[in-house]
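Report on the following structure.
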Amino acid sequence: MVPDTEVLSALAVELGVHAHYVDGLGRAVDPGPESLLRVCRALGAPMERLADAPDALRAVRARKAAERLPPVVVAWHGHLNLELRTGAALRARVELEDGGACALTTEGSHVRTDAPLPFGYHRLVVEVDDEAEMEAHVIASPMRSWRRPDSPGRPPSWGVCTHLAALRTRRSRSVGDLRDLEYLSGRMSALGADVVTVLPLLPTFNDADDPEPSPYSPVSRLFWSELILDLEGGHAPVARPQRIDVAAAHAEVRARLAAVSDPDPSEVDTELAAYARFRGAQVRLGRNWRQWPAAARNGRLSDRQVDAAEEAFHRKCQVAVRRQLAETVGRMEGTGVRLGLDLAVGVHPDGFDTWSRPDLFADRVSVGAPPDPGFPSGQDWGFHPVDPEASRREGHRYFKEAIAHQARVSGVLRVDHVMALTRLYWIPHGLDLHQGTYVSYPTEELFAVLVLESHRCECEIVGENLGVVPPEISAALPRHGIRGMHLTLFAASDPEPRPPDSNSVGLVGTHDTATFAGWTRGADIDARVECGLLAAEEAPAAHAARRDEVWNLARTLGTSPERPGEYLEKVLCWLGGSDSPLILVWLEDFWLEEDQVNLPGTRSSDRPNWQRPLRAPLEELLSRPDVDARFRLLRDARERVGGSTGTPDSPDPTEGR
């Protein structure tokens, strides 16, 4: 008799749950039975205890055997070529998203197109010999993502990264807004930059009693933050706060919009109406929708359960911010500057997306990362994962909408933790961080959606491939023309650091790393000790390793860490002179800011993550001679490279159809 633990491992494999993996410390891990049981159950396996594994395995295998047609079919370049799992096809057609139809050729169990399908989301309908019609979602996509056409004489791109809420100008209120973004964009354009990227501009919980300043814990990936609104003269400039207060910023917006009329119904689509109603219900019923009455949990909200003023406020906010953001982007593009945005990997568990799509998100588990050198205990990022099979059943519609929401207005979209397109680390609630395991995702299908939306929105895609990168992602990014990321701070671990190549976006660091100045002196190491993320006795070894890294890079560049300004300038020239098609530098690095934006593994309530405004107004900072000189060094280095970044940017001849 086969032991139940072996049956459980077989069940895990059937469901895409990893019964074996290598963690970030290079250790082989075989998750325990309790971990596998809970993750399999979260994926819908009919089981409560280990003894149920045999019956659950039979049920899952029976379901798969009965599935003659996969729920999603990818037609790269529009070519569909499919073998049915059982039975012979009598007739097959593709119902196009524009209402048309395309007949397919059938030969036994084989179904194929004779001519390429138009790019888009379609439906495959197949009749077989012994049952009714079967259907599947079809994603007809180019193989490679969209790239901005070459322009003769245009140097390769460069720009800055920033946290919009932290921006300050002399007219700013308590947070940076779209007017401040436009000011920064104008100054960058004058210096020759053509990209300004910001952290996610998605809505967050801004309640005075429990604010959530992290832009990576959004209420929804389908709407915008009301905090970015330009109040258009409806506020007085305020002195620089010690910390960014999202509750105070929210109050400013609420006061400004109080006298604004409700938008015309034609501007309020069904999704926005549901979102505003949800936010109104949270005022009456509480933030955690899982504690609401059953009908409200299931999407049926009565008028008495919804605060009408809050509902109207969110309708007004979203209509206003959609208009302002489109106008801001239009003006930025008019000066040659593209907006860069960030696709957050998850959504707040109490947010709109989980409430409006409860069957799409797995319950009683959260997403994180296994132990690695930076986090020996592992990480819990606090959001519920999307169930991969539930996403397939809807043709990955939510994923598509989340991408399109931002890609429509951005010229560059960074996909946070792009490894999520192939696997995510699930941690069952109640277990330790190291007791999770990976769950596989339909990589080809998700990349097809990402590439297709890239073309539809004419937006370049960057994949954040930092950390433990599975081989599937390393192969997929170049195959689909998606650039990865090269961090100077990480490259310095090599005794002879190499600059970014033509397939990578070059950066000094990110919002989750130390600033350049902080890195050179190990400020992030001290912060980790202070916050309990690193044992005090381990700090000397960490500082010694950091000194080696700092000197690795300094020697390569022919400079010394003892001259930090010169050191930074050498780094900018090194990056700017590389083959990378895009160099992005965190704005505050230009004036050697030491404090980092976020210290991963810590809570915003314990340290000022995401809450530190710029030290002075942009008018002052950008006019400093040393800062201006550094911008010009990077610009000149880019111009010397010239307008070509090599073959990876060459267009795919089939993508212009």
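By order in the structure tokens, chains are A, B, ...; within a chain, residues start at 1; ligands start at 1, following the order shown.
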
Problem - Surrounding residues of A:Thr513 excluding itself and chain neighbours under 3 positions, 10 Å, only C-alpha atoms, as a ChimeraX atom specification - result: /A:487,489-490,508-510,516,518-519,524,596-600

Emit the selected residues as a compact mmCIF listing (two decimals), in the first residue's frame, including all heavy atoms.
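selection-v9.txt, written as the output of this step:
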# COMPACT_ATOMS: atom_id res chain seq x y z
N LEU A 487 21.17 45.69 -11.42
CA LEU A 487 21.41 46.62 -10.33
C LEU A 487 22.92 46.72 -10.07
O LEU A 487 23.58 45.72 -9.81
CB LEU A 487 20.71 46.16 -9.06
CG LEU A 487 19.36 46.82 -8.76
CD1 LEU A 487 18.39 46.53 -9.89
CD2 LEU A 487 18.81 46.34 -7.43
N LEU A 489 24.32 47.86 -7.45
CA LEU A 489 24.63 47.43 -6.10
C LEU A 489 24.75 45.92 -6.00
O LEU A 489 25.48 45.42 -5.14
CB LEU A 489 23.55 47.93 -5.12
CG LEU A 489 23.28 49.44 -5.10
CD1 LEU A 489 22.39 49.79 -3.92
CD2 LEU A 489 24.58 50.25 -5.05
N PHE A 490 24.04 45.19 -6.83
CA PHE A 490 24.15 43.73 -6.84
C PHE A 490 25.35 43.29 -7.66
O PHE A 490 26.03 42.32 -7.31
CB PHE A 490 22.88 43.10 -7.40
CG PHE A 490 21.68 43.22 -6.51
CD1 PHE A 490 21.75 43.86 -5.29
CD2 PHE A 490 20.46 42.68 -6.88
CE1 PHE A 490 20.63 43.99 -4.46
CE2 PHE A 490 19.35 42.77 -6.07
CZ PHE A 490 19.43 43.43 -4.86
N VAL A 508 21.07 51.90 -10.48
CA VAL A 508 22.00 51.87 -9.35
C VAL A 508 21.40 50.97 -8.27
O VAL A 508 21.99 50.00 -7.82
CB VAL A 508 22.26 53.28 -8.81
CG1 VAL A 508 23.18 53.22 -7.58
CG2 VAL A 508 22.89 54.16 -9.89
N GLY A 509 20.20 51.30 -7.82
CA GLY A 509 19.46 50.50 -6.85
C GLY A 509 17.98 50.71 -7.07
O GLY A 509 17.56 51.30 -8.07
N THR A 510 17.16 50.23 -6.15
CA THR A 510 15.71 50.40 -6.26
C THR A 510 15.17 50.91 -4.93
O THR A 510 15.92 51.13 -3.96
CB THR A 510 15.01 49.07 -6.60
OG1 THR A 510 14.98 48.23 -5.42
CG2 THR A 510 15.71 48.34 -7.74
N PHE A 516 22.53 54.80 -2.90
CA PHE A 516 23.95 54.62 -3.21
C PHE A 516 24.82 55.07 -2.03
O PHE A 516 25.74 54.36 -1.61
CB PHE A 516 24.33 55.39 -4.48
CG PHE A 516 25.77 55.24 -4.84
CD1 PHE A 516 26.24 54.07 -5.42
CD2 PHE A 516 26.68 56.26 -4.59
CE1 PHE A 516 27.58 53.92 -5.74
CE2 PHE A 516 28.02 56.12 -4.91
CZ PHE A 516 28.47 54.93 -5.49
N GLY A 518 23.95 55.35 1.12
CA GLY A 518 23.73 54.46 2.24
C GLY A 518 24.44 53.12 2.06
O GLY A 518 24.95 52.54 3.02
N TRP A 519 24.48 52.65 0.82
CA TRP A 519 25.15 51.39 0.51
C TRP A 519 26.65 51.48 0.77
O TRP A 519 27.25 50.57 1.32
CB TRP A 519 24.86 51.03 -0.94
CG TRP A 519 25.58 49.84 -1.47
CD1 TRP A 519 25.27 48.53 -1.25
CD2 TRP A 519 26.72 49.85 -2.35
NE1 TRP A 519 26.15 47.70 -1.94
CE2 TRP A 519 27.04 48.50 -2.62
CE3 TRP A 519 27.49 50.86 -2.94
CZ2 TRP A 519 28.11 48.14 -3.45
CZ3 TRP A 519 28.54 50.50 -3.75
CH2 TRP A 519 28.85 49.16 -4.01
N ASP A 524 22.20 50.45 5.47
CA ASP A 524 21.11 49.48 5.46
C ASP A 524 21.41 48.31 6.39
O ASP A 524 20.49 47.72 6.98
CB ASP A 524 20.87 48.98 4.04
CG ASP A 524 22.13 48.42 3.39
OD1 ASP A 524 23.18 49.06 3.49
OD2 ASP A 524 22.06 47.34 2.78
N GLN A 596 17.05 55.13 2.94
CA GLN A 596 16.33 54.46 1.87
C GLN A 596 14.83 54.60 2.03
O GLN A 596 14.31 54.86 3.13
CB GLN A 596 16.73 52.99 1.78
CG GLN A 596 16.37 52.13 2.97
CD GLN A 596 17.10 50.78 2.90
OE1 GLN A 596 18.23 50.66 3.37
NE2 GLN A 596 16.45 49.78 2.31
N VAL A 597 14.12 54.41 0.93
CA VAL A 597 12.67 54.61 0.90
C VAL A 597 11.96 53.55 1.73
O VAL A 597 11.00 53.85 2.45
CB VAL A 597 12.17 54.57 -0.55
CG1 VAL A 597 10.66 54.69 -0.61
CG2 VAL A 597 12.82 55.68 -1.35
N ASN A 598 12.41 52.31 1.61
CA ASN A 598 11.74 51.20 2.26
C ASN A 598 12.78 50.19 2.73
O ASN A 598 13.74 49.93 2.01
CB ASN A 598 10.76 50.53 1.29
CG ASN A 598 10.14 49.27 1.87
OD1 ASN A 598 9.57 49.29 2.96
ND2 ASN A 598 10.25 48.17 1.14
N LEU A 599 12.57 49.64 3.90
CA LEU A 599 13.42 48.56 4.39
C LEU A 599 12.57 47.29 4.38
O LEU A 599 11.73 47.11 5.26
CB LEU A 599 13.94 48.84 5.80
CG LEU A 599 14.89 47.78 6.38
CD1 LEU A 599 16.17 47.69 5.54
CD2 LEU A 599 15.21 48.09 7.83
N PRO A 600 12.73 46.43 3.38
CA PRO A 600 11.90 45.22 3.30
C PRO A 600 11.99 44.40 4.58
O PRO A 600 13.04 44.30 5.21
CB PRO A 600 12.51 44.47 2.11
CG PRO A 600 13.14 45.52 1.27
CD PRO A 600 13.68 46.52 2.25

Problem - Members of stretch 261-499 of chain A assigned strand (DSSP E) by DSSP, as a count of residues only - result: 35

Tell me, as a PDB file with N, CA, C and O atoms, in the first residue's frame, which residues lie within 12 Å of A:Ala255, counting only C-alpha atoms; anything in the same chain fewer than 3 positions away does not count.
ATOM      1  N   LEU A 231      -5.113  69.332  -6.788  1.00  0.00           N
ATOM      2  CA  LEU A 231      -6.319  69.991  -6.284  1.00  0.00           C
ATOM      3  C   LEU A 231      -6.585  71.320  -6.959  1.00  0.00           C
ATOM      4  O   LEU A 231      -7.530  72.023  -6.595  1.00  0.00           O
ATOM      5  N   GLY A 234      -6.954  74.365  -4.986  1.00  0.00           N
ATOM      6  CA  GLY A 234      -7.814  74.157  -3.828  1.00  0.00           C
ATOM      7  C   GLY A 234      -7.049  73.859  -2.559  1.00  0.00           C
ATOM      8  O   GLY A 234      -7.609  73.287  -1.622  1.00  0.00           O
ATOM      9  N   HIS A 235      -5.781  74.226  -2.507  1.00  0.00           N
ATOM     10  CA  HIS A 235      -5.011  74.006  -1.292  1.00  0.00           C
ATOM     11  C   HIS A 235      -3.959  75.095  -1.171  1.00  0.00           C
ATOM     12  O   HIS A 235      -3.587  75.740  -2.156  1.00  0.00           O
ATOM     13  N   ALA A 248      -3.735  62.606   6.305  1.00  0.00           N
ATOM     14  CA  ALA A 248      -3.879  64.049   6.125  1.00  0.00           C
ATOM     15  C   ALA A 248      -4.062  64.396   4.653  1.00  0.00           C
ATOM     16  O   ALA A 248      -4.866  65.264   4.295  1.00  0.00           O
ATOM     17  N   ALA A 249      -3.312  63.719   3.786  1.00  0.00           N
ATOM     18  CA  ALA A 249      -3.450  63.966   2.351  1.00  0.00           C
ATOM     19  C   ALA A 249      -4.838  63.583   1.862  1.00  0.00           C
ATOM     20  O   ALA A 249      -5.434  64.272   1.024  1.00  0.00           O
ATOM     21  N   HIS A 250      -5.363  62.491   2.392  1.00  0.00           N
ATOM     22  CA  HIS A 250      -6.714  62.061   2.033  1.00  0.00           C
ATOM     23  C   HIS A 250      -7.733  63.116   2.461  1.00  0.00           C
ATOM     24  O   HIS A 250      -8.677  63.420   1.719  1.00  0.00           O
ATOM     25  N   ALA A 251      -7.537  63.678   3.640  1.00  0.00           N
ATOM     26  CA  ALA A 251      -8.457  64.707   4.127  1.00  0.00           C
ATOM     27  C   ALA A 251      -8.423  65.935   3.230  1.00  0.00           C
ATOM     28  O   ALA A 251      -9.461  66.588   3.009  1.00  0.00           O
ATOM     29  N   GLU A 252      -7.249  66.287   2.710  1.00  0.00           N
ATOM     30  CA  GLU A 252      -7.148  67.422   1.786  1.00  0.00           C
ATOM     31  C   GLU A 252      -7.993  67.176   0.538  1.00  0.00           C
ATOM     32  O   GLU A 252      -8.702  68.072   0.067  1.00  0.00           O
ATOM     33  N   ALA A 258     -15.508  68.094  -1.792  1.00  0.00           N
ATOM     34  CA  ALA A 258     -16.822  68.158  -1.136  1.00  0.00           C
ATOM     35  C   ALA A 258     -17.818  68.969  -1.947  1.00  0.00           C
ATOM     36  O   ALA A 258     -19.012  68.634  -2.010  1.00  0.00           O
ATOM     37  N   ALA A 259     -17.332  70.024  -2.571  1.00  0.00           N
ATOM     38  CA  ALA A 259     -18.237  70.895  -3.327  1.00  0.00           C
ATOM     39  C   ALA A 259     -18.337  70.519  -4.798  1.00  0.00           C
ATOM     40  O   ALA A 259     -19.048  71.170  -5.559  1.00  0.00           O
ATOM     41  N   VAL A 260     -17.634  69.479  -5.219  1.00  0.00           N
ATOM     42  CA  VAL A 260     -17.653  69.052  -6.617  1.00  0.00           C
ATOM     43  C   VAL A 260     -18.868  68.172  -6.865  1.00  0.00           C
ATOM     44  O   VAL A 260     -19.198  67.298  -6.052  1.00  0.00           O
ATOM     45  N   PHE A 313     -17.863  60.088  -3.035  1.00  0.00           N
ATOM     46  CA  PHE A 313     -16.488  60.586  -3.006  1.00  0.00           C
ATOM     47  C   PHE A 313     -15.598  59.766  -3.929  1.00  0.00           C
ATOM     48  O   PHE A 313     -14.812  60.315  -4.709  1.00  0.00           O
ATOM     49  N   CYS A 317     -13.561  60.931  -7.202  1.00  0.00           N
ATOM     50  CA  CYS A 317     -12.101  60.801  -7.236  1.00  0.00           C
ATOM     51  C   CYS A 317     -11.633  60.102  -8.504  1.00  0.00           C
ATOM     52  O   CYS A 317     -10.714  60.576  -9.189  1.00  0.00           O
TER      53      CYS A 317
END

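When only C-alpha atoms are used to measure the gap to A:Pro200, the shortest distance among A:Pro71, A:Gly280, A:Gly484, A:Gly340 belongs to A:Gly340.
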
Handout entry: Pick from A:Tyr275, A:Trp610, A:Phe205, A:Trp158, whichever lies nearest to A:His348 using only C-alpha atoms
Key = A:Phe205

Practice task
Write out as a PyMOL selection string which residues come within 12 Å of A:Thr559 when counting only C-alpha atoms, dropping same-chain ones fewer than 5 positions away.
Solution key: chain A and resi 550-554+564-571+574

May I have a table of the residues of stretch 337-372 of chain A lying at most 8 Å from stretch 399-413 of chain A, giving each one's closest pair of atoms and their distance in Å to one decimal, counting only C-alpha atoms, ordered by chain and ascending residue number, as a tab-separated table?
residue	atom	partner	partner_atom	distance
A:Arg338	CA	A:Gly411	CA	5.1
A:Leu339	CA	A:Ser410	CA	5.0
A:Gly340	CA	A:Val412	CA	4.6
A:Leu341	CA	A:Leu413	CA	5.0
A:Asp342	CA	A:Leu413	CA	5.6
A:Leu343	CA	A:Leu413	CA	6.9

Problem - Within 10 Å of A:Ala193 using only C-alpha atoms, minus same-chain residues under 6 positions, as a PyMOL selection string - result: chain A and resi 155-160+185-187+336-338+583-584+631-632+634-635+638

Mind checking which residues fall within 12 Å of A:Ala369, counting only C-alpha atoms, ignoring those fewer than 5 positions away in the same chain, and posting them as a compact mmCIF listing (two decimals) with all heavy atoms, in the first residue's frame?
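So part.txt came out as:
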# COMPACT_ATOMS: atom_id res chain seq x y z
N VAL A 22 14.40 24.41 -4.17
CA VAL A 22 15.64 24.92 -3.59
C VAL A 22 15.38 26.35 -3.13
O VAL A 22 14.90 27.18 -3.90
CB VAL A 22 16.80 24.88 -4.60
CG1 VAL A 22 18.06 25.49 -3.99
CG2 VAL A 22 17.06 23.44 -5.06
N ASP A 23 15.64 26.63 -1.86
CA ASP A 23 15.34 27.97 -1.34
C ASP A 23 16.45 28.95 -1.69
O ASP A 23 17.43 28.60 -2.37
CB ASP A 23 15.07 27.93 0.16
CG ASP A 23 16.30 27.65 1.01
OD1 ASP A 23 17.43 27.66 0.48
OD2 ASP A 23 16.14 27.42 2.23
N GLY A 24 16.31 30.18 -1.21
CA GLY A 24 17.28 31.22 -1.55
C GLY A 24 18.63 31.06 -0.91
O GLY A 24 19.57 31.78 -1.26
N LEU A 25 18.75 30.12 0.02
CA LEU A 25 20.04 29.83 0.64
C LEU A 25 20.71 28.64 -0.02
O LEU A 25 21.75 28.16 0.46
CB LEU A 25 19.85 29.56 2.14
CG LEU A 25 19.32 30.74 2.96
CD1 LEU A 25 18.98 30.31 4.38
CD2 LEU A 25 20.32 31.89 2.97
N GLY A 374 19.28 37.67 2.44
CA GLY A 374 18.77 38.91 3.02
C GLY A 374 17.74 38.69 4.11
O GLY A 374 17.61 39.50 5.03
N PHE A 375 16.98 37.60 3.99
CA PHE A 375 15.91 37.30 4.93
C PHE A 375 15.97 35.81 5.28
O PHE A 375 15.24 34.99 4.73
CB PHE A 375 14.55 37.65 4.33
CG PHE A 375 14.40 39.11 3.99
CD1 PHE A 375 14.73 39.58 2.73
CD2 PHE A 375 13.98 40.01 4.94
CE1 PHE A 375 14.62 40.92 2.42
CE2 PHE A 375 13.87 41.36 4.65
CZ PHE A 375 14.19 41.82 3.38
N PRO A 376 16.87 35.46 6.20
CA PRO A 376 17.09 34.04 6.52
C PRO A 376 15.85 33.33 7.05
O PRO A 376 15.78 32.10 7.00
CB PRO A 376 18.19 34.08 7.57
CG PRO A 376 18.86 35.40 7.39
CD PRO A 376 17.80 36.33 6.93
N SER A 377 14.86 34.09 7.55
CA SER A 377 13.65 33.46 8.06
C SER A 377 12.56 33.36 7.00
O SER A 377 11.53 32.71 7.23
CB SER A 377 13.11 34.26 9.26
OG SER A 377 14.04 34.28 10.31
N GLY A 378 12.75 34.01 5.85
CA GLY A 378 11.71 34.06 4.82
C GLY A 378 10.92 35.35 4.91
O GLY A 378 11.14 36.19 5.80
N GLN A 379 10.00 35.55 3.98
CA GLN A 379 9.20 36.77 3.93
C GLN A 379 7.74 36.43 3.69
O GLN A 379 7.42 35.50 2.96
CB GLN A 379 9.65 37.69 2.79
CG GLN A 379 11.08 38.17 2.86
CD GLN A 379 11.43 39.01 1.64
OE1 GLN A 379 10.91 40.09 1.42
NE2 GLN A 379 12.32 38.47 0.80
N ASP A 380 6.85 37.21 4.31
CA ASP A 380 5.41 37.13 4.06
C ASP A 380 4.97 38.50 3.58
O ASP A 380 5.05 39.48 4.32
CB ASP A 380 4.67 36.74 5.34
CG ASP A 380 3.17 36.52 5.11
OD1 ASP A 380 2.65 36.97 4.07
OD2 ASP A 380 2.52 35.91 5.98
N TRP A 381 4.51 38.58 2.34
CA TRP A 381 4.13 39.87 1.75
C TRP A 381 2.69 40.25 2.04
O TRP A 381 2.25 41.34 1.67
CB TRP A 381 4.38 39.85 0.24
CG TRP A 381 5.83 39.62 -0.10
CD1 TRP A 381 6.91 39.88 0.69
CD2 TRP A 381 6.36 39.05 -1.29
NE1 TRP A 381 8.07 39.53 0.06
CE2 TRP A 381 7.77 39.02 -1.17
CE3 TRP A 381 5.79 38.57 -2.47
CZ2 TRP A 381 8.60 38.53 -2.17
CZ3 TRP A 381 6.61 38.08 -3.47
CH2 TRP A 381 8.00 38.06 -3.32
N GLY A 382 1.94 39.34 2.64
CA GLY A 382 0.65 39.73 3.21
C GLY A 382 -0.55 39.71 2.29
O GLY A 382 -1.65 40.06 2.74
N HIS A 417 8.33 41.59 -9.46
CA HIS A 417 8.49 40.15 -9.22
C HIS A 417 7.95 39.36 -10.41
O HIS A 417 7.00 38.59 -10.29
CB HIS A 417 7.76 39.76 -7.93
CG HIS A 417 8.15 38.39 -7.43
ND1 HIS A 417 9.39 38.09 -6.92
CD2 HIS A 417 7.45 37.22 -7.39
CE1 HIS A 417 9.43 36.81 -6.57
NE2 HIS A 417 8.28 36.26 -6.85
N MET A 419 8.87 36.85 -11.67
CA MET A 419 8.88 35.40 -11.43
C MET A 419 7.50 34.87 -11.12
O MET A 419 7.24 33.66 -11.24
CB MET A 419 9.85 35.05 -10.30
CG MET A 419 11.32 35.16 -10.66
SD MET A 419 11.93 36.87 -10.76
CE MET A 419 12.15 37.26 -9.03
N ALA A 420 6.57 35.76 -10.72
CA ALA A 420 5.20 35.33 -10.44
C ALA A 420 4.49 34.78 -11.67
O ALA A 420 3.48 34.10 -11.55
CB ALA A 420 4.39 36.50 -9.87
N ARG A 423 5.90 31.07 -11.03
CA ARG A 423 5.64 30.43 -9.74
C ARG A 423 5.56 31.48 -8.65
O ARG A 423 6.15 32.57 -8.77
CB ARG A 423 6.74 29.42 -9.40
CG ARG A 423 8.09 30.07 -9.11
CD ARG A 423 9.17 29.06 -8.79
NE ARG A 423 10.37 29.71 -8.27
CZ ARG A 423 11.49 29.07 -7.98
NH1 ARG A 423 11.57 27.76 -8.18
NH2 ARG A 423 12.54 29.73 -7.52
N LEU A 424 4.82 31.17 -7.59
CA LEU A 424 4.74 32.02 -6.41
C LEU A 424 4.88 31.15 -5.16
O LEU A 424 4.43 30.00 -5.14
CB LEU A 424 3.40 32.76 -6.35
CG LEU A 424 3.30 34.11 -7.06
CD1 LEU A 424 1.87 34.64 -6.96
CD2 LEU A 424 4.27 35.12 -6.48
N TYR A 425 5.48 31.72 -4.15
CA TYR A 425 5.70 31.02 -2.88
C TYR A 425 4.49 31.25 -1.99
O TYR A 425 4.21 32.37 -1.56
CB TYR A 425 6.98 31.55 -2.23
CG TYR A 425 7.39 30.82 -0.97
CD1 TYR A 425 7.95 29.55 -1.04
CD2 TYR A 425 7.27 31.43 0.28
CE1 TYR A 425 8.37 28.89 0.12
CE2 TYR A 425 7.69 30.79 1.43
CZ TYR A 425 8.23 29.52 1.34
OH TYR A 425 8.65 28.88 2.48
N TRP A 426 3.74 30.17 -1.71
CA TRP A 426 2.53 30.23 -0.89
C TRP A 426 2.86 29.79 0.53
O TRP A 426 3.50 28.76 0.75
CB TRP A 426 1.45 29.31 -1.45
CG TRP A 426 0.82 29.75 -2.75
CD1 TRP A 426 1.37 30.54 -3.71
CD2 TRP A 426 -0.48 29.38 -3.21
NE1 TRP A 426 0.49 30.70 -4.75
CE2 TRP A 426 -0.66 29.99 -4.47
CE3 TRP A 426 -1.50 28.60 -2.69
CZ2 TRP A 426 -1.82 29.83 -5.22
CZ3 TRP A 426 -2.67 28.44 -3.43
CH2 TRP A 426 -2.83 29.06 -4.67
N ILE A 427 2.37 30.57 1.51
CA ILE A 427 2.58 30.26 2.92
C ILE A 427 1.22 30.03 3.56
O ILE A 427 0.42 30.98 3.68
CB ILE A 427 3.31 31.40 3.64
CG1 ILE A 427 4.60 31.79 2.92
CG2 ILE A 427 3.60 31.03 5.10
CD1 ILE A 427 5.19 33.10 3.37
N ASP A 432 5.01 28.67 9.81
CA ASP A 432 6.15 29.59 9.76
C ASP A 432 6.50 29.93 8.31
O ASP A 432 6.12 29.22 7.37
CB ASP A 432 7.36 28.95 10.44
CG ASP A 432 7.18 28.84 11.95
OD1 ASP A 432 6.39 29.63 12.51
OD2 ASP A 432 7.82 27.96 12.56
N LEU A 433 7.25 31.01 8.15
CA LEU A 433 7.57 31.51 6.81
C LEU A 433 8.32 30.48 5.97
O LEU A 433 8.16 30.43 4.75
CB LEU A 433 8.38 32.80 6.91
CG LEU A 433 7.74 33.96 7.68
CD1 LEU A 433 8.64 35.18 7.61
CD2 LEU A 433 6.36 34.28 7.15
N HIS A 434 9.15 29.67 6.62
CA HIS A 434 9.94 28.70 5.86
C HIS A 434 9.14 27.44 5.52
O HIS A 434 9.65 26.54 4.85
CB HIS A 434 11.19 28.32 6.66
CG HIS A 434 10.90 27.50 7.89
ND1 HIS A 434 10.52 28.07 9.07
CD2 HIS A 434 10.93 26.16 8.11
CE1 HIS A 434 10.32 27.12 9.98
NE2 HIS A 434 10.57 25.95 9.41
N GLN A 435 7.88 27.37 5.97
CA GLN A 435 7.07 26.18 5.75
C GLN A 435 6.14 26.30 4.55
O GLN A 435 5.25 25.47 4.39
CB GLN A 435 6.26 25.87 7.02
CG GLN A 435 7.11 25.43 8.19
CD GLN A 435 6.27 25.13 9.41
OE1 GLN A 435 5.67 26.02 10.03
NE2 GLN A 435 6.22 23.86 9.78
N GLY A 436 6.35 27.28 3.72
CA GLY A 436 5.56 27.39 2.51
C GLY A 436 6.15 26.56 1.39
O GLY A 436 7.12 25.82 1.56
N THR A 437 5.58 26.70 0.22
CA THR A 437 6.13 26.05 -0.97
C THR A 437 5.68 26.81 -2.20
O THR A 437 4.77 27.65 -2.15
CB THR A 437 5.69 24.57 -1.06
OG1 THR A 437 6.42 23.93 -2.11
CG2 THR A 437 4.20 24.44 -1.35
N TYR A 438 6.31 26.51 -3.33
CA TYR A 438 5.97 27.18 -4.58
C TYR A 438 4.76 26.52 -5.23
O TYR A 438 4.55 25.30 -5.12
CB TYR A 438 7.15 27.12 -5.55
CG TYR A 438 8.26 28.08 -5.22
CD1 TYR A 438 9.45 27.63 -4.65
CD2 TYR A 438 8.13 29.44 -5.49
CE1 TYR A 438 10.48 28.50 -4.36
CE2 TYR A 438 9.15 30.33 -5.20
CZ TYR A 438 10.32 29.86 -4.63
OH TYR A 438 11.33 30.73 -4.34
N VAL A 439 3.99 27.34 -5.93
CA VAL A 439 2.89 26.88 -6.78
C VAL A 439 3.16 27.40 -8.19
O VAL A 439 3.49 28.57 -8.38
CB VAL A 439 1.53 27.40 -6.27
CG1 VAL A 439 0.41 27.06 -7.25
CG2 VAL A 439 1.23 26.81 -4.89
N GLY A 467 16.71 38.52 -7.36
CA GLY A 467 16.54 37.47 -6.37
C GLY A 467 16.72 36.10 -7.01
O GLY A 467 17.52 35.93 -7.92
N VAL A 468 15.95 35.12 -6.52
CA VAL A 468 16.02 33.76 -7.05
C VAL A 468 15.18 33.70 -8.32
O VAL A 468 13.96 33.83 -8.27
CB VAL A 468 15.52 32.73 -6.02
CG1 VAL A 468 15.60 31.33 -6.60
CG2 VAL A 468 16.33 32.82 -4.74
N VAL A 469 15.83 33.52 -9.45
CA VAL A 469 15.15 33.56 -10.74
C VAL A 469 15.13 32.16 -11.33
O VAL A 469 16.18 31.60 -11.66
CB VAL A 469 15.85 34.53 -11.72
CG1 VAL A 469 15.09 34.61 -13.03
CG2 VAL A 469 15.98 35.92 -11.09
N PRO A 600 12.73 46.43 3.38
CA PRO A 600 11.90 45.22 3.30
C PRO A 600 11.99 44.40 4.58
O PRO A 600 13.04 44.30 5.21
CB PRO A 600 12.51 44.47 2.11
CG PRO A 600 13.14 45.52 1.27
CD PRO A 600 13.68 46.52 2.25
N GLY A 601 10.84 43.83 4.94
CA GLY A 601 10.79 43.02 6.15
C GLY A 601 10.37 43.80 7.38
O GLY A 601 10.22 43.22 8.46

Handout entry: A:Arg483 surroundings by only C-alpha atoms, 9 Å radius, close-in-sequence under 2 positions cut, as an NGL selection string
Key = :A and (460-464 or 477-478 or 480-481 or 485 or 502-505)

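Among the candidates A:Asn609, A:Thr520, A:Thr5, A:Ser623, the residue lying nearest to A:Leu191 is A:Ser623 (atoms considered: only C-alpha atoms).
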
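What separates atom CA of A:Leu582 from atom CA of A:Asp194 is a distance of 9.6 Å.
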
Handout entry: Among the residues A:Val253, A:Ala344, A:Val219, A:Ala42, the one that comes closest to A:Asn288 [using only C-alpha atoms]
Key = A:Val219

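Atom CA of A:Glu271 lies 22.6 Å from atom CA of A:Gln291.
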